[in-house]
>>> print(open('data.pdb').read())   # PDB, C-alpha atoms
ATOM      1  CA  MET A   1      16.912  17.654   6.627
ATOM      2  CA  SER A   2      14.574  15.259   8.405
ATOM      3  CA  LEU A   3      11.486  16.609  10.113
ATOM      4  CA  GLY A   4       9.240  15.348  12.859
ATOM      5  CA  GLY A   5       9.828  13.669  16.190
ATOM      6  CA  GLY A   6      12.934  13.378  18.324
ATOM      7  CA  ARG A   7      15.087  10.553  19.575
ATOM      8  CA  HIS A   8      13.378   7.481  20.928
ATOM      9  CA  GLY A   9      14.501   5.347  23.853
ATOM     10  CA  LEU A  10      13.761   2.044  22.156
ATOM     11  CA  ASN A  11      15.101  -0.688  24.433
ATOM     12  CA  PHE A  12      17.565  -3.271  23.093
ATOM     13  CA  ASN A  13      16.145  -5.936  25.420
ATOM     14  CA  ASP A  14      12.640  -5.381  24.024
ATOM     15  CA  VAL A  15      13.931  -6.017  20.507
ATOM     16  CA  ILE A  16      15.764  -9.259  21.354
ATOM     17  CA  SER A  17      13.218 -10.586  23.878
ATOM     18  CA  ILE A  18      11.811 -14.088  23.415
ATOM     19  CA  ASP A  19       8.328 -12.545  23.101
ATOM     20  CA  ASN A  20       9.419 -10.293  20.234
ATOM     21  CA  LEU A  21      11.371 -13.084  18.526
ATOM     22  CA  LEU A  22       8.332 -15.370  18.748
ATOM     23  CA  LEU A  23       6.040 -12.707  17.271
ATOM     24  CA  ALA A  24       8.621 -12.084  14.558
ATOM     25  CA  TRP A  25       8.716 -15.822  13.805
ATOM     26  CA  LYS A  26       4.928 -15.916  13.399
ATOM     27  CA  GLU A  27       5.019 -12.948  11.018
ATOM     28  CA  PHE A  28       7.970 -14.341   9.071
ATOM     29  CA  ARG A  29       6.410 -17.823   8.757
ATOM     30  CA  LYS A  30       3.291 -16.608   6.912
ATOM     31  CA  GLY A  31       3.286 -18.051   3.405
ATOM     32  CA  LYS A  32       6.558 -19.922   4.013
ATOM     33  CA  HIS A  33       5.457 -22.778   6.297
ATOM     34  CA  LYS A  34       5.975 -25.440   3.591
ATOM     35  CA  LYS A  35       9.540 -24.441   2.708
ATOM     36  CA  ALA A  36      12.192 -26.972   3.728
ATOM     37  CA  ASP A  37      14.498 -24.553   5.590
ATOM     38  CA  VAL A  38      11.557 -23.072   7.496
ATOM     39  CA  LEU A  39      10.297 -26.546   8.459
ATOM     40  CA  ARG A  40      13.762 -27.492   9.729
ATOM     41  CA  PHE A  41      13.937 -24.372  11.893
ATOM     42  CA  GLU A  42      10.442 -25.040  13.248
ATOM     43  CA  LEU A  43      11.323 -28.598  14.341
ATOM     44  CA  THR A  44      13.435 -27.152  17.168
ATOM     45  CA  LEU A  45      11.820 -23.718  17.286
ATOM     46  CA  GLU A  46      12.105 -23.143  21.024
ATOM     47  CA  ASP A  47      15.785 -24.103  21.117
ATOM     48  CA  ASN A  48      16.520 -21.965  18.066
ATOM     49  CA  LEU A  49      14.829 -18.848  19.484
ATOM     50  CA  PHE A  50      16.490 -19.219  22.899
ATOM     51  CA  GLN A  51      19.885 -19.724  21.236
ATOM     52  CA  LEU A  52      19.333 -16.619  19.086
ATOM     53  CA  ASN A  53      18.298 -14.616  22.161
ATOM     54  CA  HIS A  54      21.404 -15.823  24.015
ATOM     55  CA  GLU A  55      23.756 -14.829  21.179
ATOM     56  CA  LEU A  56      22.119 -11.424  20.860
ATOM     57  CA  ALA A  57      22.188 -10.765  24.615
ATOM     58  CA  HIS A  58      25.903 -11.593  24.723
ATOM     59  CA  GLN A  59      26.528  -9.660  21.487
ATOM     60  CA  SER A  60      28.052 -12.740  19.888
ATOM     61  CA  TRP A  61      25.555 -13.011  17.022
ATOM     62  CA  LYS A  62      27.160 -13.000  13.578
ATOM     63  CA  PRO A  63      25.172 -13.063  10.342
ATOM     64  CA  ASP A  64      25.187 -16.230   8.250
ATOM     65  CA  PRO A  65      26.248 -15.977   4.579
ATOM     66  CA  TYR A  66      23.620 -14.895   2.056
ATOM     67  CA  VAL A  67      22.447 -17.139  -0.766
ATOM     68  CA  ALA A  68      22.106 -15.332  -4.101
ATOM     69  CA  PHE A  69      19.580 -16.216  -6.811
ATOM     70  CA  ARG A  70      18.134 -14.467  -9.860
ATOM     71  CA  ILE A  71      14.525 -13.523 -10.545
ATOM     72  CA  ASN A  72      12.711 -11.668 -13.344
ATOM     73  CA  ASP A  73      10.276  -9.262 -11.692
ATOM     74  CA  PRO A  74       9.889  -8.005 -14.432
ATOM     75  CA  LYS A  75      13.521  -7.067 -15.082
ATOM     76  CA  PRO A  76      16.356  -9.390 -13.962
ATOM     77  CA  ARG A  77      17.296  -8.921 -10.317
ATOM     78  CA  VAL A  78      19.607 -10.673  -7.892
ATOM     79  CA  ILE A  79      17.992 -11.506  -4.548
ATOM     80  CA  HIS A  80      20.212 -12.250  -1.559
ATOM     81  CA  LYS A  81      18.455 -14.542   0.907
ATOM     82  CA  ALA A  82      19.592 -14.777   4.530
ATOM     83  CA  SER A  83      19.265 -17.869   6.712
ATOM     84  CA  VAL A  84      15.939 -18.502   8.469
ATOM     85  CA  ARG A  85      17.514 -17.633  11.813
ATOM     86  CA  ASP A  86      18.717 -14.276  10.522
ATOM     87  CA  ARG A  87      15.458 -13.502   8.751
ATOM     88  CA  VAL A  88      13.584 -14.048  12.024
ATOM     89  CA  LEU A  89      15.963 -11.592  13.698
ATOM     90  CA  PHE A  90      15.527  -9.076  10.861
ATOM     91  CA  GLN A  91      11.752  -9.351  11.288
ATOM     92  CA  ALA A  92      12.122  -8.756  15.047
ATOM     93  CA  VAL A  93      14.207  -5.638  14.440
ATOM     94  CA  TYR A  94      11.897  -4.433  11.667
ATOM     95  CA  ARG A  95       8.696  -4.701  13.733
ATOM     96  CA  LYS A  96      10.170  -2.468  16.460
ATOM     97  CA  LEU A  97      11.939   0.056  14.238
ATOM     98  CA  TYR A  98       8.940   0.476  11.921
ATOM     99  CA  LYS A  99       6.935   2.071  14.743
ATOM    100  CA  ILE A 100       9.727   4.556  15.380
ATOM    101  CA  PHE A 101      10.495   5.625  11.822
ATOM    102  CA  ASP A 102       7.221   5.327   9.909
ATOM    103  CA  PRO A 103       5.543   8.349  11.595
ATOM    104  CA  THR A 104       8.418  10.532  10.337
ATOM    105  CA  PHE A 105       7.749   9.688   6.678
ATOM    106  CA  ILE A 106       5.674  11.894   4.380
ATOM    107  CA  PHE A 107       2.121  10.867   3.498
ATOM    108  CA  ASP A 108       2.914  10.327  -0.186
ATOM    109  CA  SER A 109       5.632   7.693   0.283
ATOM    110  CA  TYR A 110       3.969   4.379  -0.648
ATOM    111  CA  SER A 111       6.602   1.621  -0.722
ATOM    112  CA  SER A 112       6.765  -1.011   2.063
ATOM    113  CA  ARG A 113       4.296   0.738   4.347
ATOM    114  CA  ILE A 114       1.115  -0.316   6.081
ATOM    115  CA  ASN A 115      -1.725   1.205   4.015
ATOM    116  CA  GLY A 116       0.717   1.832   1.152
ATOM    117  CA  GLY A 117       1.330  -0.078  -2.077
ATOM    118  CA  THR A 118       1.504   0.494  -5.820
ATOM    119  CA  HIS A 119      -2.247   0.818  -6.346
ATOM    120  CA  LYS A 120      -2.598   3.591  -3.754
ATOM    121  CA  ALA A 121       0.369   5.391  -5.300
ATOM    122  CA  VAL A 122      -1.251   5.229  -8.753
ATOM    123  CA  LYS A 123      -4.606   6.420  -7.350
ATOM    124  CA  ARG A 124      -2.818   9.361  -5.755
ATOM    125  CA  LEU A 125      -1.188  10.183  -9.102
ATOM    126  CA  GLU A 126      -4.633  10.165 -10.718
ATOM    127  CA  GLU A 127      -5.868  12.582  -8.020
ATOM    128  CA  PHE A 128      -2.864  14.896  -8.381
ATOM    129  CA  SER A 129      -3.199  14.881 -12.186
ATOM    130  CA  ARG A 130      -6.788  16.096 -11.872
ATOM    131  CA  LYS A 131      -5.846  18.824  -9.386
ATOM    132  CA  VAL A 132      -2.897  20.179 -11.375
ATOM    133  CA  THR A 133      -4.883  20.332 -14.627
ATOM    134  CA  LEU A 134      -8.179  21.470 -13.067
ATOM    135  CA  ASN A 135      -9.788  18.207 -14.104
ATOM    136  CA  HIS A 136      -7.837  18.105 -17.388
ATOM    137  CA  ARG A 137      -8.959  21.537 -18.563
ATOM    138  CA  LYS A 138      -5.468  23.040 -18.164
ATOM    139  CA  LEU A 139      -2.003  22.002 -19.369
ATOM    140  CA  GLY A 140       0.119  20.209 -16.783
ATOM    141  CA  PHE A 141       3.490  18.483 -16.729
ATOM    142  CA  ALA A 142       5.056  15.519 -14.947
ATOM    143  CA  LEU A 143       8.708  14.904 -14.094
ATOM    144  CA  LYS A 144       9.422  11.227 -13.465
ATOM    145  CA  CYS A 145      12.750  10.091 -11.968
ATOM    146  CA  ASP A 146      14.513   6.905 -10.981
ATOM    147  CA  ILE A 147      17.705   6.420  -8.954
ATOM    148  CA  ARG A 148      20.519   4.524 -10.663
ATOM    149  CA  LYS A 149      21.385   1.187  -8.994
ATOM    150  CA  PHE A 150      19.590   2.307  -5.871
ATOM    151  CA  PHE A 151      19.969  -0.699  -3.548
ATOM    152  CA  ASP A 152      23.582  -1.254  -4.621
ATOM    153  CA  SER A 153      24.490   2.410  -4.042
ATOM    154  CA  ILE A 154      23.129   3.057  -0.539
ATOM    155  CA  ASP A 155      25.980   4.394   1.604
ATOM    156  CA  HIS A 156      26.248   2.557   4.941
ATOM    157  CA  SER A 157      27.760   5.527   6.772
ATOM    158  CA  VAL A 158      24.948   7.847   5.633
ATOM    159  CA  LEU A 159      22.287   5.294   6.593
ATOM    160  CA  LYS A 160      23.825   4.775  10.045
ATOM    161  CA  SER A 161      23.899   8.519  10.660
ATOM    162  CA  LEU A 162      20.191   8.765   9.816
ATOM    163  CA  ILE A 163      19.339   5.904  12.178
ATOM    164  CA  ARG A 164      21.353   7.518  15.001
ATOM    165  CA  ARG A 165      19.003  10.495  14.876
ATOM    166  CA  ARG A 166      16.194   8.334  16.226
ATOM    167  CA  ILE A 167      17.867   5.486  18.147
ATOM    168  CA  THR A 168      19.997   6.094  21.255
ATOM    169  CA  ASP A 169      20.548   2.608  22.720
ATOM    170  CA  GLY A 170      24.188   1.701  22.032
ATOM    171  CA  ARG A 171      23.646  -2.068  21.934
ATOM    172  CA  LEU A 172      20.695  -1.701  19.589
ATOM    173  CA  LEU A 173      22.707   0.571  17.301
ATOM    174  CA  SER A 174      25.510  -1.996  17.291
ATOM    175  CA  LEU A 175      23.062  -4.706  16.226
ATOM    176  CA  ILE A 176      21.567  -2.518  13.485
ATOM    177  CA  TYR A 177      25.066  -1.712  12.217
ATOM    178  CA  LYS A 178      25.874  -5.438  12.054
ATOM    179  CA  ILE A 179      22.759  -6.003   9.940
ATOM    180  CA  ILE A 180      23.669  -3.129   7.612
ATOM    181  CA  ASP A 181      27.280  -4.307   7.317
ATOM    182  CA  SER A 182      26.252  -7.936   6.704
ATOM    183  CA  PHE A 183      26.037  -7.150   2.973
ATOM    184  CA  GLU A 184      28.087  -5.060   0.552
ATOM    185  CA  THR A 185      28.168  -4.564  -3.198
ATOM    186  CA  GLU A 186      31.367  -2.580  -2.733
ATOM    187  CA  PHE A 187      33.115  -1.330   0.388
ATOM    188  CA  GLY A 188      30.581   0.408   2.655
ATOM    189  CA  LYS A 189      27.740   0.342   0.125
ATOM    190  CA  GLY A 190      24.648  -1.682  -0.744
ATOM    191  CA  LEU A 191      21.632  -3.357   0.836
ATOM    192  CA  PRO A 192      20.271  -6.825  -0.055
ATOM    193  CA  LEU A 193      16.936  -6.890  -1.895
ATOM    194  CA  GLY A 194      15.764  -9.900   0.129
ATOM    195  CA  ASN A 195      15.844  -8.411   3.657
ATOM    196  CA  VAL A 196      12.733  -7.043   5.353
ATOM    197  CA  THR A 197      14.993  -4.539   7.123
ATOM    198  CA  SER A 198      16.108  -3.248   3.707
ATOM    199  CA  GLN A 199      12.522  -2.189   3.015
ATOM    200  CA  LEU A 200      12.568   0.072   6.071
ATOM    201  CA  PHE A 201      16.146   1.256   5.625
ATOM    202  CA  THR A 202      15.462   2.415   2.053
ATOM    203  CA  ASN A 203      12.540   4.511   3.293
ATOM    204  CA  VAL A 204      14.695   5.976   6.071
ATOM    205  CA  TYR A 205      17.307   6.837   3.446
ATOM    206  CA  LEU A 206      14.984   8.406   0.882
ATOM    207  CA  ASN A 207      12.919  10.180   3.528
ATOM    208  CA  GLU A 208      15.729  12.732   3.355
ATOM    209  CA  LEU A 209      14.874  13.322  -0.303
ATOM    210  CA  ASP A 210      11.146  13.412   0.475
ATOM    211  CA  GLN A 211      11.597  16.046   3.178
ATOM    212  CA  PHE A 212      13.830  18.126   0.932
ATOM    213  CA  ILE A 213      11.342  18.105  -1.937
ATOM    214  CA  LYS A 214       8.274  18.722   0.221
ATOM    215  CA  HIS A 215       9.591  21.180   2.814
ATOM    216  CA  GLU A 216      12.537  22.959   1.185
ATOM    217  CA  LEU A 217      11.528  22.945  -2.476
ATOM    218  CA  LYS A 218       7.846  23.280  -1.429
ATOM    219  CA  VAL A 219       6.551  20.831  -4.057
ATOM    220  CA  ALA A 220       2.836  20.230  -3.487
ATOM    221  CA  TYR A 221       2.394  17.339  -5.920
ATOM    222  CA  TYR A 222       5.042  14.698  -5.265
ATOM    223  CA  ILE A 223       4.771  10.894  -4.956
ATOM    224  CA  ARG A 224       7.463   8.302  -4.269
ATOM    225  CA  TYR A 225       7.431   4.502  -4.451
ATOM    226  CA  CYS A 226      10.847   3.053  -3.535
ATOM    227  CA  ASP A 227      13.293   4.831  -5.880
ATOM    228  CA  ASP A 228      10.661   5.877  -8.456
ATOM    229  CA  PHE A 229       9.200   9.338  -7.910
ATOM    230  CA  VAL A 230       7.027  11.848  -9.757
ATOM    231  CA  LEU A 231       6.561  15.617  -9.474
ATOM    232  CA  LEU A 232       3.650  17.435 -11.133
ATOM    233  CA  SER A 233       3.334  21.115 -12.027
ATOM    234  CA  THR A 234       1.651  23.531 -14.407
ATOM    235  CA  ASP A 235       5.071  25.016 -15.185
ATOM    236  CA  ARG A 236       7.566  22.969 -17.230
ATOM    237  CA  LYS A 237      10.389  25.455 -16.533
ATOM    238  CA  GLN A 238       9.799  25.096 -12.797
ATOM    239  CA  LEU A 239      10.269  21.334 -13.100
ATOM    240  CA  ASP A 240      13.596  21.939 -14.899
ATOM    241  CA  VAL A 241      14.773  24.090 -11.996
ATOM    242  CA  LEU A 242      13.560  21.581  -9.400
ATOM    243  CA  LEU A 243      15.387  18.772 -11.193
ATOM    244  CA  ARG A 244      18.710  20.614 -10.878
ATOM    245  CA  TYR A 245      18.208  21.029  -7.120
ATOM    246  CA  ILE A 246      17.213  17.362  -6.741
ATOM    247  CA  VAL A 247      20.218  16.073  -8.701
ATOM    248  CA  ARG A 248      22.572  18.099  -6.507
ATOM    249  CA  ASP A 249      20.895  17.132  -3.231
ATOM    250  CA  VAL A 250      20.780  13.416  -4.077
ATOM    251  CA  ARG A 251      24.454  13.454  -5.081
ATOM    252  CA  GLU A 252      25.842  15.549  -2.212
ATOM    253  CA  ARG A 253      23.852  14.291   0.770
ATOM    254  CA  LEU A 254      22.843  10.744  -0.196
ATOM    255  CA  HIS A 255      25.739   9.854  -2.534
ATOM    256  CA  LEU A 256      23.301   8.668  -5.204
ATOM    257  CA  GLU A 257      22.776   9.482  -8.880
ATOM    258  CA  LEU A 258      19.591   9.775 -10.902
ATOM    259  CA  HIS A 259      19.273   7.374 -13.840
ATOM    260  CA  ASP A 260      19.851   9.651 -16.859
ATOM    261  CA  ARG A 261      17.670   7.622 -19.234
ATOM    262  CA  LYS A 262      14.832   7.479 -16.725
ATOM    263  CA  VAL A 263      14.507  11.202 -16.069
ATOM    264  CA  ILE A 264      11.421  11.888 -18.177
ATOM    265  CA  PHE A 265       9.245  14.976 -18.729
ATOM    266  CA  ARG A 266       5.686  14.371 -19.935
ATOM    267  CA  LYS A 267       2.577  16.383 -20.617
ATOM    268  CA  ILE A 268      -0.030  14.967 -18.254
ATOM    269  CA  LYS A 269      -2.535  14.771 -21.107
ATOM    270  CA  SER A 270      -0.145  12.409 -22.959
ATOM    271  CA  GLY A 271      -0.117   9.935 -20.060
ATOM    272  CA  VAL A 272       2.241   9.399 -17.118
ATOM    273  CA  ASP A 273       3.892   5.959 -16.969
ATOM    274  CA  PHE A 274       4.211   4.902 -13.303
ATOM    275  CA  LEU A 275       4.501   1.520 -11.532
ATOM    276  CA  GLY A 276       3.212  -0.593 -14.427
ATOM    277  CA  TYR A 277       0.297   1.713 -15.314
ATOM    278  CA  VAL A 278      -0.177   4.723 -17.572
ATOM    279  CA  VAL A 279      -2.313   7.462 -16.006
ATOM    280  CA  LEU A 280      -4.229   9.231 -18.783
ATOM    281  CA  PRO A 281      -6.931  11.899 -18.588
ATOM    282  CA  HIS A 282     -10.113  10.220 -17.271
ATOM    283  CA  ARG A 283      -8.675   6.678 -17.304
ATOM    284  CA  THR A 284      -5.725   4.527 -16.275
ATOM    285  CA  VAL A 285      -4.459   1.647 -18.407
ATOM    286  CA  VAL A 286      -1.938  -1.136 -17.919
ATOM    287  CA  ARG A 287       1.456  -0.373 -19.481
ATOM    288  CA  THR A 288       1.929  -2.125 -22.857
ATOM    289  CA  ARG A 289       5.108  -3.862 -21.674
ATOM    290  CA  THR A 290       3.236  -5.199 -18.637
ATOM    291  CA  LYS A 291       0.440  -6.528 -20.869
ATOM    292  CA  HIS A 292       2.932  -8.348 -23.086
ATOM    293  CA  ARG A 293       4.500  -9.957 -20.027
ATOM    294  CA  MET A 294       1.073 -11.094 -18.851
ATOM    295  CA  PHE A 295       0.279 -12.610 -22.255
ATOM    296  CA  ALA A 296       3.550 -14.557 -22.221
ATOM    297  CA  GLN A 297       3.469 -15.749 -18.597
ATOM    298  CA  VAL A 298      -0.197 -16.152 -17.587
ATOM    299  CA  SER A 299      -1.110 -19.478 -15.975
ATOM    300  CA  LYS A 300      -3.749 -20.835 -13.612
ATOM    301  CA  GLN A 301      -1.364 -20.148 -10.724
ATOM    302  CA  ASN A 302      -0.682 -16.472 -11.409
ATOM    303  CA  LEU A 303      -4.024 -15.565 -13.035
ATOM    304  CA  PRO A 304      -5.590 -14.237  -9.767
ATOM    305  CA  SER A 305      -2.699 -11.815  -9.188
ATOM    306  CA  TYR A 306      -2.825 -10.653 -12.809
ATOM    307  CA  LEU A 307      -6.581 -10.054 -12.595
ATOM    308  CA  GLY A 308      -5.996  -8.146  -9.362
ATOM    309  CA  LEU A 309      -3.498  -5.902 -11.122
ATOM    310  CA  CYS A 310      -5.935  -5.396 -14.003
ATOM    311  CA  SER A 311      -8.793  -4.474 -11.657
ATOM    312  CA  HIS A 312      -7.166  -1.103 -10.939
ATOM    313  CA  ALA A 313      -7.366   0.069 -14.562
ATOM    314  CA  LYS A 314      -9.598   0.042 -17.659
ATOM    315  CA  THR A 315      -8.856  -3.541 -18.646
ATOM    316  CA  TYR A 316     -12.096  -5.429 -19.363
ATOM    317  CA  ARG A 317     -10.846  -6.778 -22.715
ATOM    318  CA  LEU A 318      -7.447  -7.660 -21.256
ATOM    319  CA  GLN A 319      -9.047  -9.601 -18.405
ATOM    320  CA  GLN A 320     -11.248 -11.511 -20.844
ATOM    321  CA  PHE A 321      -8.225 -12.381 -22.972
ATOM    322  CA  LEU A 322      -6.295 -13.698 -19.945
ATOM    323  CA  LEU A 323      -9.260 -15.785 -18.805
ATOM    324  CA  GLN A 324      -9.664 -17.205 -22.298
ATOM    325  CA  LYS A 325      -5.955 -17.996 -22.618
ATOM    326  CA  VAL A 326      -5.867 -19.881 -19.298
ATOM    327  CA  GLY A 327      -9.032 -21.714 -20.280
ATOM    328  CA  ASP A 328      -7.296 -22.842 -23.470
ATOM    329  CA  VAL A 329      -4.231 -24.208 -21.635
TER     330      VAL A 329
END
>>> encode(input="data.pdb", output="structure tokens")
Amino acid sequence: MSLGGGRHGLNFNDVISIDNLLLAWKEFRKGKHKKADVLRFELTLEDNLFQLNHELAHQSWKPDPYVAFRINDPKPRVIHKASVRDRVLFQAVYRKLYKIFDPTFIFDSYSSRINGGTHKAVKRLEEFSRKVTLNHRKLGFALKCDIRKFFDSIDHSVLKSLIRRRITDGRLLSLIYKIIDSFETEFGKGLPLGNVTSQLFTNVYLNELDQFIKHELKVAYYIRYCDDFVLLSTDRKQLDVLLRYIVRDVRERLHLELHDRKVIFRKIKSGVDFLGYVVLPHRTVVRTRTKHRMFAQVSKQNLPSYLGLCSHAKTYRLQQFLLQKVGDV
């Protein structure tokens, strides 16, 4: 079930217009203006945008092949990067679709959203932990879950059906379907980690889970960031029951499976591990594994981002250690 709003008459021509493509280019270019492929595209920018518009208008656009490369962030992942031309198009589609779909999402979905992010999700978990336990005077429990091979397992047919609920323009739907079908991990499944459209599509997909948990299971304390989510309650047995409903709903409607080893029950007073932090009564600390990665990888280049991460938790000594280590390099 998906609540809120009806169908929207978003216009295909507005999405593929030169104005929208140019705005998408400006958004896409931020932080990438020194990259060789971006510089090449910019050399003949006007020609490239008009050619892209022409192909889209005549429905002759076909996606270029993806380039795969591995990163450690922090676990090994394979990123699939599209061509600059296609990434500009994806940005153009994203900036129009975001306005249609984002208002339908629940408040406590924090991944890939304006005014979202990991730090706000962790702050919300701190707030919920205090409410459930009456400021840590009462016993409370957390159920933390993770979806197994989430990006690789997204079912294209399910995703398309969810998008059809909000988009009516046939040409626009055809374009969106081409973007979805431009990548597969197996027949009819998978989204590439590198696409900006994937960020929105994953929220569209898991909004079904969010609505089910919030409005059918009536869970008051629920937070999701991408495929990581947490439920809080004063009743451990209630969380067991809720988990059974969630497993069935995720499997039957979304064709996904929870990661068995990452379904974890915790007493709130013992600390809830979420998004690189551990939320404890009266304080939040950086996860031990995250600290070890910082120790091993800190440099003058990444120090500001590490200090930014530390600033959201009780980490004075950790920050001093990182500063000292970089000073010793």
>>> resolve_selection(input="data.pdb", expression="the PyMOL selection byres ((chain A and resi 152) around 7)", output="number ranges by chain")
A: 149-151, 153-154, 185, 189-191
>>> closest_residue(input="data.pdb", among="A:Val78, A:Leu239, A:Ile223, A:Cys145", to="Gln211 (chain A)", atoms="only C-alpha atoms")
A:Ile223
>>> closest_residue(input="data.pdb", among="A:Ile167, A:Leu193, A:Val247, A:Ile16", to="Ile79 (chain A)", atoms="only C-alpha atoms")
A:Leu193
>>> atom_distance(input="data.pdb", atom1="CA of Thr168 (chain A)", atom2="CA of Leu97 (chain A)")
12.3 Å
>>> atom_distance(input="data.pdb", atom1="CA of Asp235 (chain A)", atom2="CA of Leu254 (chain A)")
27.3 Å
>>> residues_around(input="data.pdb", residues="region 169-184 of chain A", least_positions_apart="4", cutoff="9 Å", atoms="all atoms listed in the file", output="PyMOL selection string")
chain A and resi 8-13+15+56+59+61-66+80+90+93+152+156+159-160+163-164+188-192+197-198+201
>>> write_last_selection(input="data.pdb", atoms="C-alpha atoms", output="CSV table (one decimal), in the coordinates of the input")
chain,number,residue,atom,x,y,z
A,8,HIS,CA,13.4,7.5,20.9
A,9,GLY,CA,14.5,5.3,23.9
A,10,LEU,CA,13.8,2.0,22.2
A,11,ASN,CA,15.1,-0.7,24.4
A,12,PHE,CA,17.6,-3.3,23.1
A,13,ASN,CA,16.1,-5.9,25.4
A,15,VAL,CA,13.9,-6.0,20.5
A,56,LEU,CA,22.1,-11.4,20.9
A,59,GLN,CA,26.5,-9.7,21.5
A,61,TRP,CA,25.6,-13.0,17.0
A,62,LYS,CA,27.2,-13.0,13.6
A,63,PRO,CA,25.2,-13.1,10.3
A,64,ASP,CA,25.2,-16.2,8.2
A,65,PRO,CA,26.2,-16.0,4.6
A,66,TYR,CA,23.6,-14.9,2.1
A,80,HIS,CA,20.2,-12.2,-1.6
A,90,PHE,CA,15.5,-9.1,10.9
A,93,VAL,CA,14.2,-5.6,14.4
A,152,ASP,CA,23.6,-1.3,-4.6
A,156,HIS,CA,26.2,2.6,4.9
A,159,LEU,CA,22.3,5.3,6.6
A,160,LYS,CA,23.8,4.8,10.0
A,163,ILE,CA,19.3,5.9,12.2
A,164,ARG,CA,21.4,7.5,15.0
A,188,GLY,CA,30.6,0.4,2.7
A,189,LYS,CA,27.7,0.3,0.1
A,190,GLY,CA,24.6,-1.7,-0.7
A,191,LEU,CA,21.6,-3.4,0.8
A,192,PRO,CA,20.3,-6.8,-0.1
A,197,THR,CA,15.0,-4.5,7.1
A,198,SER,CA,16.1,-3.2,3.7
A,201,PHE,CA,16.1,1.3,5.6
>>> resolve_selection(input="data.pdb", expression="the PyMOL selection byres ((chain A and resi 257) around 8)", output="list of chain:residue names")
A:Ile147, A:Arg148, A:Val247, A:Val250, A:Arg251, A:His255, A:Leu256, A:Leu258, A:His259
>>> atom_distance(input="data.pdb", atom1="CA of Leu45 (chain A)", atom2="CA of Trp25 (chain A)")
9.2 Å
>>> residues_around(input="data.pdb", residues="Lys123 (chain A)", least_positions_apart="6", cutoff="12 Å", atoms="all atoms listed in the file", output="ChimeraX atom specification")
/A:108,110,116-117,129-130,223,274-275,277-280,282-284,312-313
>>> residues_around(input="data.pdb", residues="region 203-209 of chain A", least_positions_apart="2", cutoff="10 Å", atoms="all atoms listed in the file", output="PyMOL selection string")
chain A and resi 1-3+98+101-102+104-106+109-113+154-155+158-163+198-201+211-215+224-227+246+249-250+253-254
>>> axis_aligned_box(input="data.pdb", around="region 228-235 of chain A", padding_each_side="3 Å", output="JSON")
{"center_x": 6.2, "center_y": 15.4, "center_z": -11.5, "size_x": 15.0, "size_y": 25.1, "size_z": 13.3}
>>> resolve_selection(input="data.pdb", expression="the PyMOL selection byres ((chain A and resi 20) around 12)", output="PyMOL selection string")
chain A and resi 11-19+21-28+49-50+52-53+88-96
>>> residues_around(input="data.pdb", residues="Val263 (chain A)", least_positions_apart="2", cutoff="6 Å", atoms="all atoms listed in the file", output="list of chain:residue names")
A:Lys144, A:Cys145, A:Asp260, A:Arg261
>>> closest_residue(input="data.pdb", among="A:Val230, A:Arg244, A:Ala36, A:Arg87", to="Val196 (chain A)", atoms="only C-alpha atoms")
A:Arg87
